[in-house]
Amino acid sequence: MYAFSVETRVRSTIRPSEILEESLVRLAEKVMTDVQQQILKYILLREEHGDPKTYSWYVRAISEELGLPESTVKWSLKNLRDACLIEAGSAAEKGLPLRLTYPGMVVAGRVCGGERRL
């Protein structure tokens, strides 16, 4: 009984947003492939340079930089977009820059683990 009350007090001091962010990161780390993590990290590091690029630019750049087939990069970006970790243009909305969403920034920041070099 005592352990439960201590746990309740500890949890009550943590902001709900911190719990959600931690849950999101843990889930993403378990579900995302290594390639998806590398791509998310690449996008985060590129965004820090402040030069927005399109979905197609990222496909070509990531394929070349990481030595992956373009189809693999497209598949991974689609899955990241479906998970609401990135936003990008579509066939209907061409030319919009690809960017991380807030959840994407949270996950990418943790995946990078403080490593912020390009």
# chains A, B, ... in the order shown; residues from 1 in each chain; ligands from 1
$ residues_around --residues "segment 38-51 of chain A" --least-positions-apart "3" --cutoff "10 Å" --atoms "only C-alpha atoms" --output "ChimeraX atom specification"
/A:32-35,58-59,61-63,65-66,73,76-77,80,85-86,97-100,104-105,107-113,115-118
